[in-house]
$ cat work.cif   # mmCIF, C-alpha atoms
data_coords
#
loop_
_atom_site.label_atom_id
_atom_site.label_comp_id
_atom_site.auth_asym_id
_atom_site.auth_seq_id
_atom_site.Cartn_x
_atom_site.Cartn_y
_atom_site.Cartn_z
CA MET Q 1 -12.04 -43.93 -38.79
CA GLU Q 2 -13.09 -45.14 -35.36
CA PRO Q 3 -15.39 -43.17 -33.01
CA ALA Q 4 -14.39 -39.55 -32.66
CA ALA Q 5 -12.84 -39.59 -29.19
CA GLY Q 6 -10.97 -42.90 -29.45
CA PRO Q 7 -7.23 -42.93 -28.78
CA GLU Q 8 -6.43 -44.08 -32.31
CA THR Q 9 -8.39 -41.19 -33.75
CA ARG Q 10 -6.63 -38.80 -31.44
CA HIS Q 11 -3.28 -40.17 -32.45
CA LEU Q 12 -4.17 -39.90 -36.14
CA LEU Q 13 -5.36 -36.33 -35.72
CA ARG Q 14 -2.15 -35.43 -33.91
CA ARG Q 15 -0.09 -36.90 -36.73
CA TYR Q 16 -2.26 -35.10 -39.28
CA MET Q 17 -1.59 -31.81 -37.52
CA LEU Q 18 2.10 -32.59 -37.36
CA GLY Q 19 2.18 -33.47 -41.07
CA SER Q 20 3.29 -37.03 -40.50
CA VAL Q 21 0.41 -38.91 -42.11
CA LEU Q 22 0.35 -41.00 -45.25
CA GLU Q 23 -1.55 -39.74 -48.28
CA ALA Q 24 -4.41 -42.15 -47.64
CA GLU Q 25 -4.63 -41.11 -44.01
CA ARG Q 26 -4.63 -37.46 -44.99
CA ALA Q 27 -7.54 -38.01 -47.36
CA GLN Q 28 -9.33 -39.92 -44.62
CA VAL Q 29 -8.92 -37.12 -42.13
CA GLU Q 30 -9.98 -34.53 -44.68
CA GLU Q 31 -13.17 -36.41 -45.41
CA LYS Q 32 -13.94 -36.76 -41.74
CA LEU Q 33 -13.06 -33.13 -41.14
CA PHE Q 34 -15.66 -31.92 -43.65
CA HIS Q 35 -18.40 -34.44 -42.97
CA ASP Q 36 -18.31 -34.88 -39.23
CA ASP Q 37 -18.57 -31.79 -37.05
CA SER Q 38 -17.66 -33.70 -33.89
CA ALA Q 39 -14.49 -34.94 -35.58
CA PHE Q 40 -13.73 -31.37 -36.60
CA ALA Q 41 -14.24 -30.22 -33.00
CA LEU Q 42 -11.88 -32.93 -31.87
CA LEU Q 43 -9.34 -31.75 -34.43
CA GLU Q 44 -9.53 -28.22 -33.10
CA GLU Q 45 -9.07 -29.48 -29.55
CA THR Q 46 -6.15 -31.60 -30.71
CA GLU Q 47 -4.61 -28.42 -32.03
CA ASP Q 48 -4.98 -26.90 -28.54
CA GLU Q 49 -3.35 -29.91 -26.94
CA LEU Q 50 -0.43 -29.90 -29.33
CA ILE Q 51 0.27 -26.25 -28.56
CA ASP Q 52 0.03 -26.91 -24.82
CA ASP Q 53 2.21 -30.00 -25.04
CA TYR Q 54 4.83 -28.14 -27.05
CA LEU Q 55 5.01 -25.28 -24.57
CA LEU Q 56 5.06 -27.64 -21.61
CA GLY Q 57 7.76 -29.84 -23.09
CA ARG Q 58 5.52 -32.87 -23.46
CA LEU Q 59 6.34 -33.59 -27.10
CA SER Q 60 8.90 -36.15 -28.15
CA LYS Q 61 11.94 -34.93 -29.98
CA GLN Q 62 10.48 -36.01 -33.30
CA GLU Q 63 7.09 -34.48 -32.57
CA ARG Q 64 8.80 -31.29 -31.54
CA ARG Q 65 10.65 -31.08 -34.85
CA GLN Q 66 7.45 -31.80 -36.80
CA PHE Q 67 5.61 -29.24 -34.75
CA GLU Q 68 8.13 -26.54 -35.54
CA GLU Q 69 8.55 -27.43 -39.19
CA HIS Q 70 4.99 -28.28 -40.18
CA PHE Q 71 2.47 -27.21 -37.57
CA LEU Q 72 3.90 -23.76 -37.09
CA ASP Q 73 4.03 -23.15 -40.83
CA SER Q 74 0.94 -21.02 -40.31
CA PRO Q 75 0.61 -17.48 -38.96
CA ARG Q 76 -2.68 -18.44 -37.36
CA ARG Q 77 -1.11 -21.24 -35.36
CA ARG Q 78 1.85 -19.10 -34.41
CA GLU Q 79 -0.54 -16.51 -33.04
CA ARG Q 80 -2.29 -19.24 -31.09
CA LEU Q 81 1.05 -20.39 -29.73
CA ALA Q 82 1.92 -16.87 -28.63
CA ALA Q 83 -1.45 -16.44 -26.93
CA THR Q 84 -1.10 -19.74 -25.10
CA ARG Q 85 2.39 -18.78 -23.99
CA LEU Q 86 0.81 -15.76 -22.33
CA LEU Q 87 -1.75 -18.00 -20.66
CA LEU Q 88 1.00 -20.21 -19.31
CA ARG Q 89 3.25 -17.49 -17.99
CA PRO Q 90 3.49 -17.43 -14.22
CA ARG Q 91 0.76 -15.42 -12.65
CA PRO Q 92 0.13 -14.71 -8.99
CA ARG Q 93 -2.51 -17.08 -7.77
CA ARG Q 94 -5.91 -15.58 -7.28
CA SER Q 95 -5.85 -16.47 -3.59
CA PHE Q 96 -2.48 -14.79 -3.32
CA ILE Q 97 -3.84 -11.75 -5.08
CA TRP Q 98 -6.75 -11.56 -2.67
CA ALA Q 99 -4.46 -12.14 0.29
CA ALA Q 100 -2.11 -9.45 -0.94
CA ALA Q 101 -4.99 -7.10 -1.59
CA ALA Q 102 -6.40 -7.79 1.86
CA SER Q 103 -3.00 -7.24 3.46
CA ILE Q 104 -2.58 -3.98 1.63
CA LEU Q 105 -6.06 -2.93 2.64
CA VAL Q 106 -5.51 -3.80 6.30
CA ALA Q 107 -2.12 -2.12 6.30
CA GLY Q 108 -3.62 0.89 4.60
CA LEU Q 109 -6.45 1.14 7.10
CA GLY Q 110 -4.03 0.71 9.98
CA LEU Q 111 -1.81 3.41 8.62
CA LEU Q 112 -4.81 5.62 8.05
CA LEU Q 113 -6.00 5.10 11.62
CA TYR Q 114 -2.53 5.69 12.99
CA ARG Q 115 -2.17 8.81 10.90
CA GLN Q 116 -5.57 9.97 12.03
CA VAL Q 117 -4.63 9.54 15.69
CA GLU Q 118 -1.26 11.03 15.04
CA LEU Q 119 -2.82 13.88 13.15
CA GLY Q 120 -5.37 14.36 15.91
CA GLY Q 121 -2.54 14.78 18.44
CA GLU Q 122 -0.69 16.96 16.03
CA VAL Q 123 -3.74 19.15 15.51
CA GLU Q 124 -4.19 19.45 19.26
CA ARG Q 125 -0.54 20.36 19.75
CA LEU Q 126 -0.64 22.87 16.91
CA THR Q 127 -3.85 24.39 18.24
CA ALA Q 128 -2.30 24.88 21.67
CA GLU Q 129 0.81 26.30 20.08
CA LEU Q 130 -1.30 28.61 17.98
CA ARG Q 131 -3.17 29.72 21.04
CA ARG Q 132 0.10 30.47 22.83
CA GLU Q 133 1.38 32.30 19.80
CA ARG Q 134 -1.79 34.37 19.63
CA ASP Q 135 -1.51 35.26 23.33
CA ALA Q 136 2.12 36.18 22.90
CA LEU Q 137 1.22 38.21 19.86
CA ALA Q 138 -1.55 39.99 21.72
CA LEU Q 139 0.88 40.76 24.49
CA LEU Q 140 3.38 42.07 22.03
CA ASP Q 141 0.68 44.13 20.35
CA LYS Q 142 -0.20 45.59 23.70
CA GLU Q 143 3.44 46.30 24.43
CA ILE Q 144 3.93 47.81 21.03
CA ALA Q 145 0.82 49.91 21.49
CA GLY Q 146 2.15 50.99 24.84
CA LEU Q 147 5.48 51.86 23.34
CA ARG Q 148 3.79 53.78 20.60
CA GLN Q 149 1.88 55.85 23.12
CA PRO Q 150 3.62 59.10 23.98
CA ALA Q 151 5.54 58.87 27.24
CA ALA Q 152 3.54 60.06 30.18
CA ALA Q 153 4.28 63.69 30.90
CA THR Q 154 5.86 64.50 34.21
CA ILE Q 155 4.45 67.39 36.09
CA SER Q 156 6.64 68.80 38.85
CA PHE Q 157 5.61 70.60 41.91
CA LEU Q 158 7.62 71.99 44.73
CA LEU Q 159 6.39 71.49 48.22
CA ARG Q 160 7.77 73.74 50.85
CA SER Q 161 8.86 72.46 54.22
CA GLY Q 162 7.85 73.85 57.51
CA LEU Q 163 4.22 73.77 56.71
CA THR Q 164 2.41 71.75 59.22
CA ARG Q 165 -0.58 69.67 58.58
CA ALA Q 166 -2.83 71.70 60.74
CA ALA Q 167 -1.75 75.28 60.19
CA ALA Q 168 -0.66 75.60 56.74
CA ARG Q 169 -2.89 75.94 53.77
CA PRO Q 170 -2.21 73.06 51.47
CA VAL Q 171 -0.55 73.56 48.13
CA ARG Q 172 -3.03 73.21 45.31
CA ILE Q 173 -1.98 70.89 42.61
CA ALA Q 174 -3.88 70.89 39.36
CA ILE Q 175 -3.20 67.77 37.32
CA PRO Q 176 -4.33 67.87 33.68
CA ALA Q 177 -6.48 65.11 32.26
CA GLY Q 178 -4.72 61.97 31.15
CA GLU Q 179 -1.96 59.87 32.56
CA HIS Q 180 0.88 61.80 34.06
CA LEU Q 181 3.59 61.42 36.55
CA VAL Q 182 3.44 63.86 39.34
CA GLN Q 183 6.86 64.69 40.61
CA LEU Q 184 6.92 66.28 44.03
CA ASP Q 185 10.16 68.02 44.85
CA LEU Q 186 10.62 68.86 48.51
CA GLU Q 187 12.17 71.82 50.10
CA ARG Q 188 13.93 70.26 53.08
CA PRO Q 189 14.44 72.07 56.35
CA GLU Q 190 17.99 72.57 57.34
CA ALA Q 191 19.22 70.00 59.76
CA ALA Q 192 22.38 69.52 61.81
CA ALA Q 193 23.21 66.30 60.24
CA ALA Q 194 22.11 65.35 56.77
CA PRO Q 195 20.41 61.97 56.68
CA SER Q 196 22.17 59.26 54.70
CA SER Q 197 18.89 58.04 53.11
CA PHE Q 198 15.34 59.21 52.66
CA ARG Q 199 11.92 57.71 52.41
CA ILE Q 200 8.71 59.36 51.38
CA ARG Q 201 5.26 58.35 52.39
CA VAL Q 202 2.03 59.82 51.02
CA GLU Q 203 -1.26 59.52 52.80
CA THR Q 204 -4.70 60.96 52.52
CA VAL Q 205 -5.80 63.22 55.31
CA ASP Q 206 -7.66 60.38 56.92
CA GLY Q 207 -4.40 58.44 57.20
CA SER Q 208 -4.61 55.97 54.28
CA GLN Q 209 -1.22 55.42 52.74
CA ILE Q 210 -1.29 55.65 48.98
CA TRP Q 211 2.37 55.77 48.10
CA SER Q 212 5.82 55.07 49.48
CA GLN Q 213 9.25 55.17 47.93
CA GLU Q 214 12.93 55.56 48.61
CA GLY Q 215 14.62 58.85 47.85
CA PRO Q 216 14.31 62.59 48.58
CA ARG Q 217 11.54 63.24 46.04
CA ALA Q 218 8.31 61.57 45.11
CA THR Q 219 7.20 60.60 41.62
CA ILE Q 220 3.63 59.38 41.74
CA PRO Q 221 1.29 58.27 38.92
CA SER Q 222 -1.51 60.79 38.60
CA SER Q 223 -4.06 57.99 38.69
CA LEU Q 224 -3.19 57.47 42.34
CA LEU Q 225 -3.93 61.08 43.13
CA PRO Q 226 -7.59 61.73 42.64
CA PRO Q 227 -8.81 65.12 43.89
CA ASN Q 228 -8.30 65.14 47.63
CA ASP Q 229 -6.11 66.45 50.39
CA TYR Q 230 -2.86 64.57 50.98
CA VAL Q 231 0.03 64.64 53.41
CA LEU Q 232 3.51 63.73 52.32
CA THR Q 233 5.91 62.77 55.07
CA LEU Q 234 9.64 62.89 54.52
CA LEU Q 235 11.59 60.44 56.60
CA GLY Q 236 15.37 60.34 56.97
CA ALA Q 237 17.68 57.72 58.31
CA GLY Q 238 20.75 58.81 60.23
CA SER Q 239 23.99 56.93 60.77
CA GLY Q 240 22.18 54.51 63.05
CA GLY Q 241 19.81 53.55 60.23
CA VAL Q 242 16.68 54.50 62.14
CA LEU Q 243 14.07 56.43 60.14
CA GLU Q 244 12.90 59.66 61.63
CA GLU Q 245 10.31 62.11 60.46
CA ILE Q 246 11.91 65.19 59.01
CA ALA Q 247 8.99 67.16 57.70
CA ASP Q 248 5.37 67.06 56.57
CA TYR Q 249 4.02 68.52 53.34
CA SER Q 250 0.37 69.07 52.69
CA PHE Q 251 -1.09 69.39 49.20
CA ARG Q 252 -4.48 69.33 47.60
CA VAL Q 253 -5.22 67.82 44.26
CA VAL Q 254 -7.97 69.75 42.63
CA GLY Q 255 -10.39 68.67 39.96
CA ARG Q 256 -9.24 68.17 36.40
CA MET Y 1 -3.83 -13.87 -55.42
CA GLU Y 2 -6.88 -12.25 -56.88
CA VAL Y 3 -10.04 -13.10 -55.08
CA THR Y 4 -13.25 -12.06 -56.76
CA LEU Y 5 -16.11 -11.68 -54.38
CA ALA Y 6 -19.30 -13.43 -55.27
CA SER Y 7 -22.35 -11.30 -55.71
CA ARG Y 8 -24.71 -10.74 -52.83
CA SER Y 9 -27.29 -13.10 -54.30
CA ALA Y 10 -24.60 -15.78 -54.71
CA PHE Y 11 -23.59 -15.32 -51.09
CA GLU Y 12 -27.22 -15.63 -50.01
CA LYS Y 13 -27.45 -18.87 -51.96
CA LEU Y 14 -24.33 -20.13 -50.23
CA LEU Y 15 -25.82 -19.42 -46.81
CA ALA Y 16 -29.06 -21.13 -47.73
CA PHE Y 17 -27.02 -24.04 -49.04
CA LEU Y 18 -25.21 -24.40 -45.70
CA ASN Y 19 -28.36 -24.22 -43.57
CA ASP Y 20 -31.98 -23.24 -44.04
CA ASP Y 21 -31.93 -21.28 -40.82
CA ARG Y 22 -30.20 -17.96 -41.39
CA VAL Y 23 -28.54 -17.79 -37.96
CA ARG Y 24 -27.34 -21.37 -38.16
CA ALA Y 25 -26.20 -20.71 -41.72
CA GLY Y 26 -23.88 -17.98 -40.45
CA GLU Y 27 -22.39 -20.40 -37.92
CA GLU Y 28 -22.03 -23.06 -40.62
CA TYR Y 29 -20.26 -20.55 -42.84
CA GLU Y 30 -17.72 -19.79 -40.11
CA ARG Y 31 -17.24 -23.47 -39.37
CA ALA Y 32 -16.77 -24.27 -43.07
CA ARG Y 33 -14.19 -21.52 -43.33
CA ARG Y 34 -12.27 -22.89 -40.33
CA LYS Y 35 -12.36 -26.36 -41.83
CA LEU Y 36 -10.99 -25.04 -45.08
CA ILE Y 37 -8.19 -23.17 -43.34
CA ILE Y 38 -7.11 -26.31 -41.50
CA PHE Y 39 -7.37 -28.21 -44.78
CA PHE Y 40 -5.00 -25.80 -46.54
CA GLU Y 41 -2.71 -25.68 -43.52
CA GLY Y 42 -2.50 -29.46 -43.78
CA TRP Y 43 -1.01 -28.89 -47.20
CA ARG Y 44 1.54 -26.46 -45.81
CA GLN Y 45 -0.20 -23.45 -47.18
CA GLY Y 46 -0.56 -21.79 -43.83
CA LEU Y 47 0.30 -18.30 -44.98
CA LEU Y 48 -2.35 -18.29 -47.71
CA ALA Y 49 -4.83 -20.62 -46.01
CA PRO Y 50 -7.40 -17.89 -45.12
CA GLU Y 51 -7.24 -16.53 -48.67
CA LEU Y 52 -7.60 -19.98 -50.24
CA ALA Y 53 -10.53 -20.74 -47.93
CA ASP Y 54 -12.29 -17.54 -49.03
CA ARG Y 55 -11.60 -18.34 -52.64
CA THR Y 56 -13.11 -21.80 -52.20
CA LEU Y 57 -16.28 -20.44 -50.63
CA ASP Y 58 -16.48 -17.81 -53.34
CA ILE Y 59 -16.35 -20.47 -56.04
CA VAL Y 60 -18.95 -22.59 -54.24
CA ALA Y 61 -21.24 -19.58 -54.10
CA ARG Y 62 -20.78 -18.90 -57.84
CA ARG Y 63 -21.44 -22.51 -58.74
CA LEU Y 64 -24.63 -22.45 -56.66
CA GLU Y 65 -25.73 -19.29 -58.38
CA GLU Y 66 -25.02 -20.91 -61.70
CA GLY Y 67 -27.57 -23.49 -60.75
CA VAL Y 68 -25.46 -26.43 -59.65
CA HIS Y 69 -27.59 -28.76 -57.58
CA VAL Y 70 -25.99 -30.42 -54.59
CA LYS Y 71 -27.74 -32.87 -52.31
CA THR Y 72 -27.99 -31.76 -48.70
CA GLU Y 73 -26.01 -34.73 -47.42
CA SER Y 74 -23.25 -34.02 -49.94
CA ARG Y 75 -22.84 -30.31 -49.40
CA MET Y 76 -19.64 -30.46 -47.35
CA GLY Y 77 -18.26 -33.04 -49.76
CA PHE Y 78 -18.93 -30.49 -52.49
CA VAL Y 79 -17.05 -27.83 -50.56
CA LEU Y 80 -14.14 -30.23 -50.04
CA GLY Y 81 -14.08 -31.04 -53.73
CA VAL Y 82 -13.90 -27.37 -54.66
CA ALA Y 83 -11.15 -26.87 -52.05
CA ARG Y 84 -9.09 -29.64 -53.60
CA ASN Y 85 -9.47 -28.04 -57.01
CA VAL Y 86 -8.46 -24.65 -55.62
CA LEU Y 87 -5.43 -26.26 -54.02
CA ARG Y 88 -4.50 -28.05 -57.23
CA ASP Y 89 -4.76 -24.82 -59.26
CA HIS Y 90 -2.82 -22.98 -56.63
CA LEU Y 91 -0.05 -25.54 -56.56
CA LYS Y 92 0.26 -25.41 -60.35
CA THR Y 93 1.52 -21.88 -60.08
CA PRO Y 94 5.32 -22.15 -59.83
CA LYS Y 95 5.64 -19.65 -57.02
CA HIS Y 96 3.12 -21.59 -54.95
CA THR Y 97 4.68 -25.01 -54.97
CA LEU Y 98 4.92 -27.09 -51.84
CA ILE Y 99 7.41 -25.00 -50.04
CA ARG Y 100 7.26 -23.57 -46.62
CA THR Y 101 5.57 -20.23 -46.67
CA ASP Y 102 8.03 -18.87 -44.19
CA VAL Y 103 10.43 -20.07 -41.59
CA VAL Y 104 10.19 -18.86 -38.04
CA SER Y 105 11.68 -19.79 -34.78
CA PRO Y 106 8.73 -20.59 -32.57
CA ALA Y 107 10.68 -19.91 -29.43
CA LYS Y 108 11.69 -16.45 -30.55
CA LYS Y 109 10.67 -13.84 -28.05
CA GLY Y 110 10.78 -10.11 -27.78
CA SER Y 111 9.57 -9.38 -31.29
CA ALA Y 112 7.99 -6.05 -32.10
CA GLY Y 113 4.50 -7.47 -31.77
CA ASP Y 114 5.08 -9.04 -28.38
CA ALA Y 115 4.26 -5.93 -26.40
CA GLN Y 116 1.20 -5.30 -28.52
CA ARG Y 117 0.09 -8.88 -28.15
CA PHE Y 118 0.57 -8.75 -24.41
CA HIS Y 119 -1.49 -5.58 -24.22
CA CYS Y 120 -4.24 -7.10 -26.37
CA PHE Y 121 -4.14 -10.31 -24.41
CA GLU Y 122 -4.63 -8.57 -21.08
CA HIS Y 123 -7.30 -6.35 -22.58
CA CYS Y 124 -9.19 -9.36 -23.97
CA MET Y 125 -8.80 -11.37 -20.79
CA SER Y 126 -10.66 -8.69 -18.91
CA ARG Y 127 -13.09 -7.63 -21.62
CA ALA Y 128 -13.88 -10.61 -23.82
CA LEU Y 129 -14.20 -13.29 -21.17
CA SER Y 130 -16.70 -13.61 -18.39
CA ASP Y 131 -15.42 -13.89 -14.83
CA LEU Y 132 -16.09 -17.61 -14.85
CA GLU Y 133 -14.38 -18.15 -18.19
CA ARG Y 134 -11.36 -16.17 -17.09
CA GLU Y 135 -11.14 -18.04 -13.82
CA LEU Y 136 -11.47 -21.37 -15.58
CA ILE Y 137 -8.86 -20.84 -18.24
CA LEU Y 138 -6.38 -19.24 -15.87
CA SER Y 139 -6.65 -21.93 -13.25
CA PHE Y 140 -6.43 -24.55 -15.96
CA TYR Y 141 -3.21 -23.17 -17.42
CA GLN Y 142 -1.64 -22.27 -14.12
CA GLU Y 143 -2.28 -25.80 -12.95
CA GLU Y 144 -0.90 -27.17 -16.21
CA ARG Y 145 2.22 -25.09 -15.86
CA ARG Y 146 2.88 -26.13 -12.28
CA ARG Y 147 2.33 -29.82 -12.67
CA LYS Y 148 3.57 -30.23 -16.21
CA ILE Y 149 1.67 -33.47 -16.43
CA GLU Y 150 -1.75 -34.38 -17.71
CA ASN Y 151 -4.10 -32.32 -15.65
CA ARG Y 152 -7.31 -32.40 -17.59
CA SER Y 153 -8.80 -35.50 -16.01
CA ASP Y 154 -8.29 -34.18 -12.49
CA MET Y 155 -9.73 -30.82 -13.32
CA ALA Y 156 -12.69 -32.32 -15.14
CA LEU Y 157 -13.36 -34.43 -12.10
CA ARG Y 158 -13.27 -31.40 -9.85
CA LEU Y 159 -15.64 -29.52 -12.16
CA GLY Y 160 -17.92 -32.50 -12.41
CA ILE Y 161 -17.68 -32.79 -16.18
CA THR Y 162 -16.04 -35.24 -18.54
CA PRO Y 163 -12.54 -34.58 -19.84
CA GLU Y 164 -14.05 -34.21 -23.32
CA ALA Y 165 -16.46 -31.57 -22.10
CA LEU Y 166 -13.61 -29.77 -20.36
CA ARG Y 167 -11.49 -29.90 -23.52
CA SER Y 168 -14.35 -28.53 -25.55
CA ARG Y 169 -15.06 -25.80 -23.04
CA MET Y 170 -11.43 -24.76 -22.88
CA HIS Y 171 -11.29 -24.66 -26.65
CA ARG Y 172 -14.31 -22.38 -26.86
CA ILE Y 173 -12.83 -20.03 -24.30
CA ARG Y 174 -9.51 -20.01 -26.13
CA VAL Y 175 -11.17 -19.29 -29.45
CA LYS Y 176 -13.08 -16.44 -27.88
CA LEU Y 177 -9.91 -15.04 -26.38
CA GLU Y 178 -7.80 -15.52 -29.49
CA THR Y 179 -10.46 -13.98 -31.73
CA CYS Y 180 -10.47 -10.92 -29.50
CA VAL Y 181 -6.66 -10.77 -29.43
CA GLY Y 182 -6.53 -11.09 -33.22
CA GLY Y 183 -9.05 -8.30 -33.68
CA CYS Y 184 -7.26 -6.13 -31.16
CA MET Y 185 -3.89 -6.57 -32.85
CA GLN Y 186 -5.42 -5.94 -36.25
CA SER Y 187 -7.01 -2.74 -35.06
CA GLN Y 188 -3.71 -1.47 -33.68
CA ARG Y 189 -1.70 -2.34 -36.75
CA PRO Y 190 -0.99 0.51 -39.16
CA ASN Y 191 -2.75 0.20 -42.51
CA GLU Y 192 -0.97 -2.28 -44.70
CA GLU Y 193 -1.49 -1.42 -48.34
#
$ encode --input "work.cif" --output "structure tokens"
Amino acid sequence: MEPAAGPETRHLLRRYMLGSVLEAERAQVEEKLFHDDSAFALLEETEDELIDDYLLGRLSKQERRQFEEHFLDSPRRRERLAATRLLLRPRPRRSFIWAAAASILVAGLGLLLYRQVELGGEVERLTAELRRERDALALLDKEIAGLRQPAAATISFLLRSGLTRAAARPVRIAIPAGEHLVQLDLERPEAAAAPSSFRIRVETVDGSQIWSQEGPRATIPSSLLPPNDYVLTLLGAGSGGVLEEIADYSFRVVGR
Amino acid sequence: MEVTLASRSAFEKLLAFLNDDRVRAGEEYERARRKLIIFFEGWRQGLLAPELADRTLDIVARRLEEGVHVKTESRMGFVLGVARNVLRDHLKTPKHTLIRTDVVSPAKKGSAGDAQRFHCFEHCMSRALSDLERELILSFYQEERRRKIENRSDMALRLGITPEALRSRMHRIRVKLETCVGGCMQSQRPNEE
């Protein structure tokens, strides 16, 4: 046998593997196989090449038949063939894998950033909405609390007409503690012609107006009537629409 | 086939016979076994080749224990001689004549073991090989597949090694991978009694 890596040796080893050697050649290869480790290494590599060539369609028709009938008559070689088939199956190229991974990473980061910005805006919007909801709720609570409170009691008093500011002793009005409505009914002096509309004005004795309303009677929140002397003036409008003073009513709110 | 294991002392003698250095002796033992398997495969005894190889080594060990003296330079010739005798005895048995051990279609796909093999293959690619080995063997075979022509010289040139060195390196990586795949598949196979 010629030097281990020579083409003739390679060809002989291929034929040996394919079972197409003469008896003398077989004996020659067997001797070399056992005595020369480099020849044995070459034989093992030849086995690799035959498997590769078979899977890649590089064998001649005859070699292919010998390969299938002789070479593969071994579970070990069939396992090797199966493993090599897995090595040869299409795989994404490493560069493609890295490119794909990088793309996914960039896209992921972009999405993350976008989501973060979007979420930031969303959080801001939701916070404002929450704040509005809380305010509305507080308002509702207040309204509900107000509704739950017992209605303010109305305390009525009758003021007599004809009492002048200077001469008459003012009517004493005692308003209990708490919020109340003070209703002041008026005894009107008789007049030749009844006015078509009325207006009431309430002032302190020093002339500060504290209340004014349409109608023949006054309903005033008690909070506006701290202890003091007051003058209520009843005004009436005739057919001409001009307001004229009809009567004055003095009253004193005393301490609670 | 009944294979009687040689005693421990006989096995020790076999190792010493293969190489004085214990570590190298283990490597020589594995190499001798691979040589024997290929030898028996050459005689179309692929199915029983591992068993016949073990039987050969067992007989060599017994003969050494019996006191047979073999010159150092003739030791592998001695192993080959025993292998030929084992083959001859084996072939004398009617059921072990020169017939194909089994017939398979090499292109057959989708067998029960395919999924298992694929799993083991991927497992071993990531676990048994180093990053460099994995990169080398993958790029080698992906290039081979794309070009479908002789690629080894070009690749060897790129790697700055000879085509022979590349072939040898690829073989070592393949053996490493296939050994792992074989062990993986064996470990996942149900006990065969």
$ closest_atom_pairs --input "work.cif" --of "chain Y" --to "chain Q" --cutoff "9 Å" --atoms "all atoms listed in the file" --output "CSV"
residue,atom,partner,partner_atom,distance
Y:Arg31,CA,Q:Asp37,CA,8.7
Y:Ala32,CA,Q:Phe34,CA,7.8
Y:Lys35,CA,Q:Phe34,CA,6.7
Y:Leu36,CA,Q:Phe34,CA,8.4
Y:Ile38,CA,Q:Met17,CA,8.7
Y:Phe39,CA,Q:Glu30,CA,6.8
Y:Glu41,CA,Q:Ser74,CA,6.7
Y:Gly42,CA,Q:Gly19,CA,6.7
Y:Trp43,CA,Q:Gly19,CA,8.3
Y:Arg44,CA,Q:Asp73,CA,6.5
Y:Gln45,CA,Q:Ser74,CA,7.4
Y:Gly46,CA,Q:Ser74,CA,3.9
Y:Leu47,CA,Q:Ser74,CA,5.4
Y:Leu48,CA,Q:Ser74,CA,8.5
Y:Ala49,CA,Q:Ser74,CA,8.1
Y:Glu73,CA,Q:His35,CA,8.8
Y:Ser74,CA,Q:His35,CA,8.5
Y:Arg75,CA,Q:His35,CA,8.8
Y:Met76,CA,Q:Phe34,CA,5.6
Y:Gly77,CA,Q:Phe34,CA,6.7
Y:Val79,CA,Q:Phe34,CA,8.1
Y:Leu80,CA,Q:Phe34,CA,6.8
Y:Arg100,CA,Q:Asp73,CA,6.6
Y:Thr101,CA,Q:Asp73,CA,6.7
Y:Asp102,CA,Q:Asp73,CA,6.8
Y:Val103,CA,Q:Asp73,CA,7.1
Y:Val104,CA,Q:Asp73,CA,8.0
Y:Ser105,CA,Q:Glu68,CA,7.7
Y:Pro106,CA,Q:Glu68,CA,6.7
Y:Asp114,CA,Q:Ala82,CA,8.4
Y:Arg117,CA,Q:Ala83,CA,7.8
Y:Phe118,CA,Q:Leu86,CA,7.3
Y:Phe121,CA,Q:Ala83,CA,7.2
Y:Glu135,CA,Q:Arg94,CA,8.7
Y:Ile137,CA,Q:Leu87,CA,8.0
Y:Leu138,CA,Q:Leu87,CA,6.8
Y:Ser139,CA,Q:Arg93,CA,8.4
Y:Tyr141,CA,Q:Leu88,CA,5.5
Y:Gln142,CA,Q:Leu88,CA,6.2
Y:Glu144,CA,Q:Leu88,CA,7.9
Y:Arg145,CA,Q:Leu88,CA,6.1
Y:Arg146,CA,Q:Pro90,CA,8.9
Y:Lys148,CA,Q:Leu56,CA,6.2
Y:Ile149,CA,Q:Arg58,CA,8.0
Y:Glu164,CA,Q:Ala5,CA,8.1
Y:Arg167,CA,Q:Glu45,CA,6.5
Y:Ser168,CA,Q:Glu45,CA,6.7
Y:Met170,CA,Q:Glu45,CA,8.5
Y:His171,CA,Q:Glu45,CA,6.0
Y:Arg174,CA,Q:Thr84,CA,8.5
Y:Leu177,CA,Q:Ala83,CA,8.6
Y:Glu178,CA,Q:Arg80,CA,6.8
Y:Val181,CA,Q:Ala83,CA,8.1
Y:Gly182,CA,Q:Glu79,CA,8.1
$ atom_distance --input "work.cif" --atom1 "atom CA of Thr204 of chain Q" --atom2 "atom CA of Val242 of chain Q"
24.3 Å
$ resolve_selection --input "work.cif" --expression "the PyMOL selection byres ((chain Q and resi 255) around 12)" --output "PyMOL selection string"
chain Q and resi 172-177+222+225-229+252-254+256
$ residues_near_point --input "work.cif" --point "(-3.0, 58.7, 55.9)" --cutoff "12 Å" --atoms "all atoms listed in the file" --output "compact mmCIF listing (two decimals) with C-alpha atoms, in the coordinates of the input"
# COMPACT_ATOMS: atom_id res chain seq x y z
CA ARG Q 165 -0.58 69.67 58.58
CA ARG Q 201 5.26 58.35 52.39
CA VAL Q 202 2.03 59.82 51.02
CA GLU Q 203 -1.26 59.52 52.80
CA THR Q 204 -4.70 60.96 52.52
CA VAL Q 205 -5.80 63.22 55.31
CA ASP Q 206 -7.66 60.38 56.92
CA GLY Q 207 -4.40 58.44 57.20
CA SER Q 208 -4.61 55.97 54.28
CA GLN Q 209 -1.22 55.42 52.74
CA ILE Q 210 -1.29 55.65 48.98
CA TRP Q 211 2.37 55.77 48.10
CA SER Q 212 5.82 55.07 49.48
CA ASN Q 228 -8.30 65.14 47.63
CA ASP Q 229 -6.11 66.45 50.39
CA TYR Q 230 -2.86 64.57 50.98
CA VAL Q 231 0.03 64.64 53.41
CA LEU Q 232 3.51 63.73 52.32
CA THR Q 233 5.91 62.77 55.07
CA ASP Q 248 5.37 67.06 56.57
CA SER Q 250 0.37 69.07 52.69
